[in-house]
Amino acid sequence: MTENELGKILKEMYENAPAGYQVANIHLFGVKYSSIILNNNFKATDIIRASGINQSYATEVSKGIKLAKYVVPK
(Lines give C-alpha, C1' and ligand atoms only; values in the text may rest on other atoms or scores of the structure.)
Protein backbone atom coordinates (compact mmCIF):
# COMPACT_ATOMS: atom_id res chain seq x y z
CA MET A 1 0.00 0.00 0.00
CA THR A 2 1.29 3.46 -0.85
CA GLU A 3 1.08 6.78 0.98
CA ASN A 4 -1.40 7.97 -1.65
CA GLU A 5 -3.65 4.96 -1.06
CA LEU A 6 -3.49 5.55 2.69
CA GLY A 7 -4.27 9.22 2.10
CA LYS A 8 -7.36 8.29 0.12
CA ILE A 9 -8.56 5.95 2.89
CA LEU A 10 -7.93 8.62 5.52
CA LYS A 11 -9.86 11.21 3.54
CA GLU A 12 -12.83 8.84 3.19
CA MET A 13 -12.77 8.01 6.91
CA TYR A 14 -12.60 11.71 7.78
CA GLU A 15 -15.35 12.79 5.41
CA ASN A 16 -17.69 9.91 6.30
CA ALA A 17 -17.32 10.30 10.07
CA PRO A 18 -20.43 11.24 12.04
CA ALA A 19 -20.57 14.87 13.17
CA GLY A 20 -18.16 15.41 16.02
CA TYR A 21 -16.19 12.22 15.32
CA GLN A 22 -13.80 13.36 12.61
CA VAL A 23 -10.77 13.48 14.91
CA ALA A 24 -11.71 10.13 16.47
CA ASN A 25 -11.74 8.63 12.96
CA ILE A 26 -8.28 10.04 12.32
CA HIS A 27 -7.09 8.29 15.49
CA LEU A 28 -8.85 5.11 14.34
CA PHE A 29 -7.08 5.35 10.99
CA GLY A 30 -3.74 5.51 12.81
CA VAL A 31 -4.64 2.48 14.89
CA LYS A 32 -5.91 0.41 11.95
CA TYR A 33 -3.05 1.17 9.59
CA SER A 34 -0.18 1.56 12.07
CA SER A 35 1.59 -1.63 11.02
CA ILE A 36 1.57 -0.62 7.34
CA ILE A 37 2.73 2.90 8.19
CA LEU A 38 5.50 1.72 10.51
CA ASN A 39 6.70 -1.18 8.36
CA ASN A 40 7.08 1.12 5.36
CA ASN A 41 8.54 4.05 7.32
CA PHE A 42 5.77 6.33 6.06
CA LYS A 43 5.41 9.74 7.69
CA ALA A 44 2.09 11.00 9.01
CA THR A 45 2.71 14.37 7.34
CA ASP A 46 3.03 12.72 3.92
CA ILE A 47 -0.15 10.71 4.41
CA ILE A 48 -2.02 13.85 5.49
CA ARG A 49 -0.69 15.70 2.45
CA ALA A 50 -1.94 12.88 0.21
CA SER A 51 -5.35 12.98 1.88
CA GLY A 52 -5.86 16.69 1.32
CA ILE A 53 -7.13 17.33 4.84
CA ASN A 54 -5.65 19.98 7.13
CA GLN A 55 -1.93 19.46 7.83
CA SER A 56 -2.48 20.00 11.55
CA TYR A 57 -4.10 16.55 11.70
CA ALA A 58 -0.72 14.84 11.22
CA THR A 59 -0.37 14.93 15.01
CA GLU A 60 -3.66 13.06 15.36
CA VAL A 61 -2.51 10.33 12.96
CA SER A 62 0.67 9.98 15.05
CA LYS A 63 -1.43 9.63 18.21
CA GLY A 64 -3.43 6.83 16.58
CA ILE A 65 -0.24 5.03 15.57
CA LYS A 66 1.01 5.21 19.17
CA LEU A 67 -2.38 4.04 20.51
CA ALA A 68 -2.18 0.91 18.33
CA LYS A 69 0.08 -0.69 20.94
CA TYR A 70 -2.74 -0.50 23.47
CA VAL A 71 -6.10 -0.74 21.65
CA VAL A 72 -7.87 -2.95 19.15
CA PRO A 73 -10.60 -1.59 16.84
CA LYS A 74 -14.06 -3.10 17.22
# chains A, B, ... in the order shown; residues from 1 in each chain; ligands from 1

call {"tool": "select_by_dssp", "arguments": {"residues": "segment 4-44 of chain A", "states": "helix (DSSP H, G or I)", "output": "VMD selection string"}}
result
chain A and resid 4 to 15 22 to 32 34 to 39 44

call {"tool": "residues_around", "arguments": {"residues": "Lys8 of chain A", "least_positions_apart": "5", "cutoff": "9 Å", "atoms": "only C-alpha atoms", "output": "NGL selection string"}}
result
:A and (3 or 13 or 47 or 50-52)

call {"tool": "residues_around", "arguments": {"residues": "Ala17 of chain A", "least_positions_apart": "5", "cutoff": "12 Å", "atoms": "only C-alpha atoms", "output": "short mmCIF file (atom, residue, chain, number, x, y, z; two decimals) with N, CA and C atoms, in the first residue's frame"}}
result
data_model
loop_
_atom_site.label_atom_id
_atom_site.label_comp_id
_atom_site.auth_asym_id
_atom_site.auth_seq_id
_atom_site.Cartn_x
_atom_site.Cartn_y
_atom_site.Cartn_z
N LEU A 10 -7.78 7.65 4.44
CA LEU A 10 -7.93 8.62 5.52
C LEU A 10 -8.96 9.68 5.17
N LYS A 11 -8.91 10.20 3.96
CA LYS A 11 -9.86 11.21 3.54
C LYS A 11 -11.29 10.67 3.61
N GLU A 12 -11.49 9.44 3.14
CA GLU A 12 -12.83 8.84 3.19
C GLU A 12 -13.30 8.66 4.63
N GLN A 22 -14.84 13.33 13.63
CA GLN A 22 -13.80 13.36 12.61
C GLN A 22 -12.42 13.07 13.19
N VAL A 23 -12.09 13.69 14.30
CA VAL A 23 -10.77 13.48 14.91
C VAL A 23 -10.65 12.05 15.44
N ALA A 24 -11.73 11.52 16.00
CA ALA A 24 -11.71 10.13 16.47
C ALA A 24 -11.44 9.18 15.30
N ASN A 25 -12.00 9.47 14.13
CA ASN A 25 -11.74 8.63 12.96
C ASN A 25 -10.30 8.75 12.47
N ILE A 26 -9.70 9.91 12.66
CA ILE A 26 -8.28 10.04 12.32
C ILE A 26 -7.45 9.17 13.25
N HIS A 27 -7.78 9.17 14.53
CA HIS A 27 -7.09 8.29 15.49
C HIS A 27 -7.30 6.83 15.09
N LEU A 28 -8.53 6.48 14.74
CA LEU A 28 -8.85 5.11 14.34
C LEU A 28 -8.05 4.71 13.11
N PHE A 29 -7.91 5.61 12.16
CA PHE A 29 -7.08 5.35 10.99
C PHE A 29 -5.65 4.99 11.42
#

call {"tool": "closest_residue", "arguments": {"among": "A:Ala58, A:Ile53, A:Ala44, A:Val31", "to": "Val71 of chain A", "atoms": "only C-alpha atoms"}}
result
A:Val31

call {"tool": "residues_around", "arguments": {"residues": "Lys66 of chain A", "least_positions_apart": "4", "cutoff": "9 Å", "atoms": "only C-alpha atoms", "output": "PyMOL selection string"}}
result
chain A and resi 30-31+34+61-62+70

call {"tool": "residues_around", "arguments": {"residues": "Met1 of chain A", "least_positions_apart": "4", "cutoff": "8 Å", "atoms": "only C-alpha atoms", "output": "PDB file with N, CA and C atoms, in the first residue's frame"}}
result
ATOM      1  N   GLU A   5      -2.508   5.830  -1.365  1.00  0.00           N
ATOM      2  CA  GLU A   5      -3.655   4.965  -1.055  1.00  0.00           C
ATOM      3  C   GLU A   5      -4.107   5.176   0.386  1.00  0.00           C
ATOM      4  N   LEU A   6      -3.150   5.286   1.289  1.00  0.00           N
ATOM      5  CA  LEU A   6      -3.489   5.551   2.690  1.00  0.00           C
ATOM      6  C   LEU A   6      -4.160   6.915   2.825  1.00  0.00           C
ATOM      7  N   ILE A  36       1.174  -0.968   8.714  1.00  0.00           N
ATOM      8  CA  ILE A  36       1.568  -0.623   7.343  1.00  0.00           C
ATOM      9  C   ILE A  36       2.431   0.638   7.354  1.00  0.00           C
TER      10      ILE A  36
END
